[in-house]
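> Before we start, here is the structure in question, set down as structure tokens.
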Amino acid sequence: MAPKLEIVHEKSKRYDWGFDYARPDPKFPTRYIIPPKGKDPFRVMMRGYAAMETEKDNRVYGGLDSNVRYRNANVAEPRFMEAMKFAIPAFTDAEYQAVTGAGFLIASVKNQELRQGFAGQMLDEVRHTQLEVALRKYYLKNYHDPAGFDIGQIALGNHPIGTLARASFQPFNTGDPIEVSMCLNVVLETAYTNPLVVALPQVAMLNGDHAMPTTFLSIQSDESRHMANGYGTLMCVVQEPDNVPFLQESLERHFWHQHQSMDTLVGVVSEYYSVHRPWAYRDVWEEWVVDDFVGSYMSRLGSFGLRPPDRLAEVARFVEDMHHSVAIGLAAMWPLNFWRIDPMVAADYEWFESHYPGWTARYGGLWDAYRAMSDPTSGRVLMQELPALPPFCQVCHVPCVMPRIDAPETRIFDYEGKRYAVCSEGCHWIFHLNPKIYTGCANWWERFDGMDLADVVLALGYVRPDGKTLMGQPHLNPDRMWTIDDIRRLEYEVKDPLKA
Amino acid sequence: MTVSAKDLTRVRDTVGISLIGSTESAAAVEMVAEEMPDAKITDHDCFYKIERENLLRFEMANLAERLGRDYTVHDFLVNMTSYFGRIVVNDGVVEIHAEILPERFQD
């Protein structure tokens, strides 16, 4: 009979030692007191871990094989499949950044039990990267319009809003190790992977794509252990009263930032890239973030002096509108995308109006204009019709159309002789917490200021193998594709909105 | 009602688990329906979400009996895509507690 898990786990974690002849400097400095204690709720042991992950992989790859047999990639709604061209590389960016994040924590948390959990996490993140590349290859080989899947990671890095992923996930492995855990384990993985990797697969399923849920629900089964890593670390440090103000600040910072990127990503994909919608994103956010994360977790930490994020009500206000604004923003600048965007039609208008009263008055006219300009013979693109291009937020990198495109709360300011824009009070506060983090990268428009739009598209590499047809298209019609010549005929010069 | 009109920080005693759609998860859902009738079970097409006040408890021996074969906590965790509350994994049992510091975490 195999020995009990509890007994083996207790014995194993005793294999730990420190130095009594030297006091090595910490590999990564921290402002927190980290007591040498803490518990891993899952009692991760490598033998059980390896068997479990092998079984998970067998199921996912078996699922992909059956999808190939049933030609599922072309049964799925093309509107949804186009979203996977940018969503999967964004996920992969997160996994890749998290690999080193787990390493940060292994080096910093002086507790064998928690380290074992982080060791499992590091392997998980590598597994997720590989699964997502396999999923992307499956789409590339089997979907009828693969343009964009082939250059996904590079294309995301070049995309004006694609840098949202880098901005959002870089804190996984920079700065204070405890704040790495707060950002990665507590905020992103516990609060936001649920809408992203549990709720969103239901949208994939209803829109006919069975590969995405098979892959991502398995990935999320690992995220469950990462949530527990965050819990073990948080409960270890929150019991030191001097840590509490730092934890509160960290929670505020990462909750606002992850909300800006994740609520935008999931809201846009689930509502604007689906034909069949199981829910309104606002309701999903309320269920998984407000009820499950805040109500059943953060609100219970009051006895330790930690309170739910102060900007929670502000987040709730933004969630009503922000994804609608970004969705039409992405559509307006469609030549700068590496995927296609299907125009909204009457059935979509009806759904939006019933779930977000007032939607038609606010966004309907813009979608009417987008649809009217979708054929190359129109000779116009929606971005030409805007009074000015919106700047991108220097913190979260979303376009400054937040929370409503008709009433943005953009803040423009100078810092050390340079002009910056942020999308909101929350991002303005984050910028000034540590400006050095946010002043190192150029604003996207700045890179292409003064260039013809056609040359920008070529510089980004967003053309198909024929060298002239754009990857991005403002419709799903295979016969009426825009070419680089159509774009050059627009004579549209990109102008940095922050340039004096 | 818009989200921002409700009490966003209300403390809840609810715990929950999400299970990937599979024959094994179907057995767990059947077990919950029979033995924890106060639990709320929602079918989300490709996963189930199970919620209950204060505690969810899954005994692997019970699930093995229903499946007609051996079933370990690691098999169960292959199917568990997410949870909320405080999870405690023991030999043959997975529990999710509402309290912030269940017994195992109190020292």
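A note on labels: chains of the structure tokens are A, B, ... as shown, every chain counts residues from 1, and ligands are counted from 1 in their shown order.
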Counting only C-alpha atoms, give me one row per residue of chain B with an atom at most 6 Å from an atom of chain A, showing the shortest contact pair and its distance in Å to one decimal, sorted by chain then residue number, as a Markdown table.

```
| residue | atom | partner | partner_atom | distance |
| --- | --- | --- | --- | --- |
| B:Val3 | CA | A:Ala316 | CA | 6.0 |
| B:Ser4 | CA | A:Ala316 | CA | 5.2 |
| B:Thr9 | CA | A:Gly295 | CA | 5.7 |
| B:Arg10 | CA | A:Gly295 | CA | 5.5 |
| B:Val11 | CA | A:Gly295 | CA | 4.7 |
| B:Arg12 | CA | A:Ser296 | CA | 4.9 |
| B:His74 | CA | A:Met52 | CA | 5.7 |
| B:Met80 | CA | A:Ser221 | CA | 5.6 |
| B:Thr81 | CA | A:Ser221 | CA | 3.9 |
| B:Ser82 | CA | A:Ser224 | CA | 5.3 |
| B:Val88 | CA | A:Pro41 | CA | 5.2 |
| B:Val89 | CA | A:Phe42 | CA | 5.1 |
| B:Asp91 | CA | A:Leu5 | CA | 5.3 |
```
> For the residues in the current selection, export N, CA and C atoms as a JSON list (two decimals), in the first residue's frame.

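Output contents, as saved in out.json:
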```json
[["chain", "number", "residue", "atom", "x", "y", "z"],
["B", 3, "VAL", "N", -23.72, 46.72, -12.16],
["B", 3, "VAL", "CA", -22.83, 46.14, -11.16],
["B", 3, "VAL", "C", -22.50, 47.15, -10.08],
["B", 4, "SER", "N", -22.23, 48.39, -10.50],
["B", 4, "SER", "CA", -21.74, 49.37, -9.53],
["B", 4, "SER", "C", -22.79, 49.76, -8.48],
["B", 9, "THR", "N", -18.31, 44.64, -1.80],
["B", 9, "THR", "CA", -17.33, 44.04, -0.89],
["B", 9, "THR", "C", -17.97, 43.15, 0.18],
["B", 10, "ARG", "N", -19.21, 42.76, -0.03],
["B", 10, "ARG", "CA", -19.92, 41.91, 0.93],
["B", 10, "ARG", "C", -19.15, 40.59, 1.15],
["B", 11, "VAL", "N", -18.97, 40.20, 2.40],
["B", 11, "VAL", "CA", -18.29, 38.93, 2.72],
["B", 11, "VAL", "C", -19.23, 37.78, 2.42],
["B", 12, "ARG", "N", -18.73, 36.79, 1.70],
["B", 12, "ARG", "CA", -19.54, 35.62, 1.37],
["B", 12, "ARG", "C", -18.95, 34.37, 2.03],
["B", 74, "HIS", "N", -5.18, 12.85, -7.47],
["B", 74, "HIS", "CA", -4.52, 13.38, -8.68],
["B", 74, "HIS", "C", -5.43, 13.23, -9.90],
["B", 80, "MET", "N", -10.29, 19.16, -12.20],
["B", 80, "MET", "CA", -10.67, 20.40, -11.52],
["B", 80, "MET", "C", -10.03, 21.58, -12.23],
["B", 81, "THR", "N", -10.83, 22.39, -12.92],
["B", 81, "THR", "CA", -10.24, 23.51, -13.65],
["B", 81, "THR", "C", -10.10, 24.74, -12.78],
["B", 82, "SER", "N", -10.95, 24.91, -11.77],
["B", 82, "SER", "CA", -10.79, 26.08, -10.90],
["B", 82, "SER", "C", -11.54, 25.85, -9.59],
["B", 88, "VAL", "N", -7.99, 22.28, 0.62],
["B", 88, "VAL", "CA", -7.09, 21.42, 1.40],
["B", 88, "VAL", "C", -7.08, 20.06, 0.71],
["B", 89, "VAL", "N", -5.88, 19.65, 0.25],
["B", 89, "VAL", "CA", -5.74, 18.36, -0.43],
["B", 89, "VAL", "C", -5.12, 17.37, 0.54],
["B", 91, "ASP", "N", -4.86, 12.90, 1.55],
["B", 91, "ASP", "CA", -4.88, 11.61, 0.88],
["B", 91, "ASP", "C", -6.33, 11.16, 0.70]]
```
> Write out as a VMD selection string the residues lying within 12 Å of Ala459 of chain A, counting only C-alpha atoms and excluding same-chain residues fewer than 3 positions away.
chain A and resid 155 158 to 159 336 447 to 448 451 to 456 462 to 463 484
> Residues of the last selection are to be written out with N, CA and C atoms, as a PDB file, in the first residue's frame.

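The resulting file, part19.pdb, is shown below:
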```pdb
ATOM      1  N   ALA A 155       3.794  39.429 -34.369  1.00  0.00           N
ATOM      2  CA  ALA A 155       2.738  40.378 -34.732  1.00  0.00           C
ATOM      3  C   ALA A 155       2.146  41.042 -33.504  1.00  0.00           C
ATOM      4  N   ASN A 158       4.320  43.797 -32.227  1.00  0.00           N
ATOM      5  CA  ASN A 158       4.321  44.996 -33.068  1.00  0.00           C
ATOM      6  C   ASN A 158       3.007  45.768 -33.018  1.00  0.00           C
ATOM      7  N   HIS A 159       1.965  45.105 -32.569  1.00  0.00           N
ATOM      8  CA  HIS A 159       0.623  45.685 -32.669  1.00  0.00           C
ATOM      9  C   HIS A 159       0.436  46.841 -31.675  1.00  0.00           C
ATOM     10  N   LEU A 336      -4.240  48.129 -39.187  1.00  0.00           N
ATOM     11  CA  LEU A 336      -3.105  47.891 -38.278  1.00  0.00           C
ATOM     12  C   LEU A 336      -3.268  46.599 -37.489  1.00  0.00           C
ATOM     13  N   ARG A 447       6.511  56.059 -32.929  1.00  0.00           N
ATOM     14  CA  ARG A 447       7.403  55.269 -33.800  1.00  0.00           C
ATOM     15  C   ARG A 447       7.072  55.483 -35.278  1.00  0.00           C
ATOM     16  N   PHE A 448       5.802  55.762 -35.558  1.00  0.00           N
ATOM     17  CA  PHE A 448       5.386  55.809 -36.965  1.00  0.00           C
ATOM     18  C   PHE A 448       4.902  57.195 -37.396  1.00  0.00           C
ATOM     19  N   MET A 451       4.498  58.783 -41.184  1.00  0.00           N
ATOM     20  CA  MET A 451       4.553  57.755 -42.242  1.00  0.00           C
ATOM     21  C   MET A 451       3.180  57.542 -42.877  1.00  0.00           C
ATOM     22  N   ASP A 452       3.203  57.145 -44.142  1.00  0.00           N
ATOM     23  CA  ASP A 452       1.967  56.768 -44.813  1.00  0.00           C
ATOM     24  C   ASP A 452       1.462  55.456 -44.196  1.00  0.00           C
ATOM     25  N   LEU A 453       0.147  55.337 -44.045  1.00  0.00           N
ATOM     26  CA  LEU A 453      -0.433  54.146 -43.414  1.00  0.00           C
ATOM     27  C   LEU A 453       0.024  52.861 -44.121  1.00  0.00           C
ATOM     28  N   ALA A 454       0.133  52.902 -45.448  1.00  0.00           N
ATOM     29  CA  ALA A 454       0.562  51.707 -46.195  1.00  0.00           C
ATOM     30  C   ALA A 454       1.968  51.291 -45.780  1.00  0.00           C
ATOM     31  N   ASP A 455       2.848  52.268 -45.579  1.00  0.00           N
ATOM     32  CA  ASP A 455       4.214  51.942 -45.167  1.00  0.00           C
ATOM     33  C   ASP A 455       4.259  51.411 -43.733  1.00  0.00           C
ATOM     34  N   VAL A 456       3.334  51.896 -42.906  1.00  0.00           N
ATOM     35  CA  VAL A 456       3.268  51.373 -41.531  1.00  0.00           C
ATOM     36  C   VAL A 456       2.866  49.893 -41.569  1.00  0.00           C
ATOM     37  N   TYR A 462       2.334  43.031 -41.694  1.00  0.00           N
ATOM     38  CA  TYR A 462       0.976  42.500 -41.672  1.00  0.00           C
ATOM     39  C   TYR A 462       0.406  42.304 -43.091  1.00  0.00           C
ATOM     40  N   VAL A 463       1.195  41.714 -43.996  1.00  0.00           N
ATOM     41  CA  VAL A 463       0.665  41.375 -45.317  1.00  0.00           C
ATOM     42  C   VAL A 463       0.773  39.869 -45.529  1.00  0.00           C
ATOM     43  N   ILE A 484      -2.431  46.467 -50.266  1.00  0.00           N
ATOM     44  CA  ILE A 484      -1.603  47.600 -49.846  1.00  0.00           C
ATOM     45  C   ILE A 484      -1.814  48.791 -50.795  1.00  0.00           C
TER      46      ILE A 484
END
```
> Which residues in segment 5-65 of chain B does DSSP call strand (DSSP E)? List them as an MDAnalysis selection string.
chainID B and resid 14:20 40:43 47:53 55:59
> Can you work out which one of B:Glu95, B:Ile17, B:Asp75, B:Leu101 has the shortest atom-to-atom distance to Thr42 of chain B, counting only C-alpha atoms?
B:Ile17
> Write out as a CSV table (one decimal) with N, CA and C atoms, in the first residue's frame the set of residues from chain B that DSSP, computed on the backbone, places in alpha helix (DSSP H).

```csv
chain,number,residue,atom,x,y,z
B,23,THR,N,-16.5,12.2,-18.1
B,23,THR,CA,-17.3,11.1,-17.3
B,23,THR,C,-17.0,11.2,-15.8
B,24,GLU,N,-15.7,11.5,-15.5
B,24,GLU,CA,-15.4,11.6,-14.1
B,24,GLU,C,-16.0,12.8,-13.4
B,25,SER,N,-16.1,13.9,-14.1
B,25,SER,CA,-16.8,15.1,-13.5
B,25,SER,C,-18.3,14.8,-13.4
B,26,ALA,N,-18.8,14.1,-14.4
B,26,ALA,CA,-20.2,13.8,-14.3
B,26,ALA,C,-20.5,12.9,-13.0
B,27,ALA,N,-19.6,12.0,-12.7
B,27,ALA,CA,-19.8,11.2,-11.4
B,27,ALA,C,-19.7,12.1,-10.2
B,28,ALA,N,-18.8,13.1,-10.2
B,28,ALA,CA,-18.7,14.1,-9.1
B,28,ALA,C,-20.0,14.9,-9.0
B,29,VAL,N,-20.5,15.3,-10.1
B,29,VAL,CA,-21.7,16.2,-10.1
B,29,VAL,C,-22.9,15.3,-9.6
B,30,GLU,N,-22.9,14.1,-10.0
B,30,GLU,CA,-24.0,13.2,-9.5
B,30,GLU,C,-23.9,13.0,-8.0
B,31,MET,N,-22.6,12.8,-7.5
B,31,MET,CA,-22.4,12.7,-6.1
B,31,MET,C,-22.9,13.9,-5.3
B,32,VAL,N,-22.5,15.1,-5.8
B,32,VAL,CA,-22.9,16.3,-5.1
B,32,VAL,C,-24.4,16.5,-5.1
B,33,ALA,N,-25.1,16.2,-6.2
B,33,ALA,CA,-26.5,16.3,-6.3
B,33,ALA,C,-27.2,15.4,-5.3
B,34,GLU,N,-26.6,14.2,-5.1
B,34,GLU,CA,-27.3,13.3,-4.2
B,34,GLU,C,-26.9,13.6,-2.7
B,35,GLU,N,-25.7,13.9,-2.5
B,35,GLU,CA,-25.2,14.0,-1.1
B,35,GLU,C,-25.2,15.4,-0.5
B,60,MET,N,-12.6,10.5,-2.6
B,60,MET,CA,-12.2,9.7,-3.8
B,60,MET,C,-12.8,8.3,-3.8
B,61,ALA,N,-12.9,7.7,-2.6
B,61,ALA,CA,-13.5,6.3,-2.5
B,61,ALA,C,-14.9,6.3,-3.0
B,62,ASN,N,-15.6,7.4,-2.7
B,62,ASN,CA,-17.0,7.5,-3.1
B,62,ASN,C,-17.0,7.6,-4.7
B,63,LEU,N,-16.2,8.4,-5.2
B,63,LEU,CA,-16.1,8.6,-6.7
B,63,LEU,C,-15.7,7.4,-7.4
B,64,ALA,N,-14.7,6.6,-6.8
B,64,ALA,CA,-14.2,5.4,-7.3
B,64,ALA,C,-15.3,4.4,-7.4
B,65,GLU,N,-16.1,4.3,-6.4
B,65,GLU,CA,-17.3,3.4,-6.3
B,65,GLU,C,-18.2,3.7,-7.5
B,66,ARG,N,-18.5,5.0,-7.7
B,66,ARG,CA,-19.4,5.4,-8.8
B,66,ARG,C,-18.8,5.1,-10.2
B,67,LEU,N,-17.5,5.3,-10.3
B,67,LEU,CA,-16.9,5.0,-11.6
B,67,LEU,C,-16.5,3.6,-11.9
B,73,VAL,N,-6.8,11.4,-5.7
B,73,VAL,CA,-6.9,12.9,-5.7
B,73,VAL,C,-6.2,13.5,-7.0
B,74,HIS,N,-5.2,12.8,-7.5
B,74,HIS,CA,-4.5,13.4,-8.7
B,74,HIS,C,-5.4,13.2,-9.9
B,75,ASP,N,-6.2,12.1,-10.0
B,75,ASP,CA,-7.2,12.0,-11.1
B,75,ASP,C,-8.2,13.1,-10.9
B,76,PHE,N,-8.6,13.4,-9.7
B,76,PHE,CA,-9.7,14.4,-9.5
B,76,PHE,C,-9.1,15.8,-9.9
B,77,LEU,N,-7.9,16.0,-9.6
B,77,LEU,CA,-7.3,17.3,-9.9
B,77,LEU,C,-7.1,17.5,-11.4
B,78,VAL,N,-7.0,16.4,-12.1
B,78,VAL,CA,-6.9,16.6,-13.6
B,78,VAL,C,-8.2,17.2,-14.1
B,79,ASN,N,-9.3,16.9,-13.5
B,79,ASN,CA,-10.6,17.4,-13.9
B,79,ASN,C,-11.0,18.8,-13.3
```
> Please report the interatomic distance between atom CA of Pro391 of chain A and atom CA of Ser270 of chain A in Å with one decimal.
24.9 Å
> Compare A:Cys400, A:Met383, A:Leu476, A:Ile430 by their minimum atom-to-atom distance to Ile161 of chain A, counting only C-alpha atoms, and give me the closest one.
A:Cys400
> For a test of reading the model, state the distance in Å between atom CA of Glu493 of chain A and atom CA of Leu382 of chain A, rounded to one decimal.
13.9 Å
> So how many Å separate atom CA of Cys441 of chain A and atom CA of Met84 of chain A, to one decimal?
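Separating atom CA of Cys441 of chain A from atom CA of Met84 of chain A is a distance of 26.5 Å.
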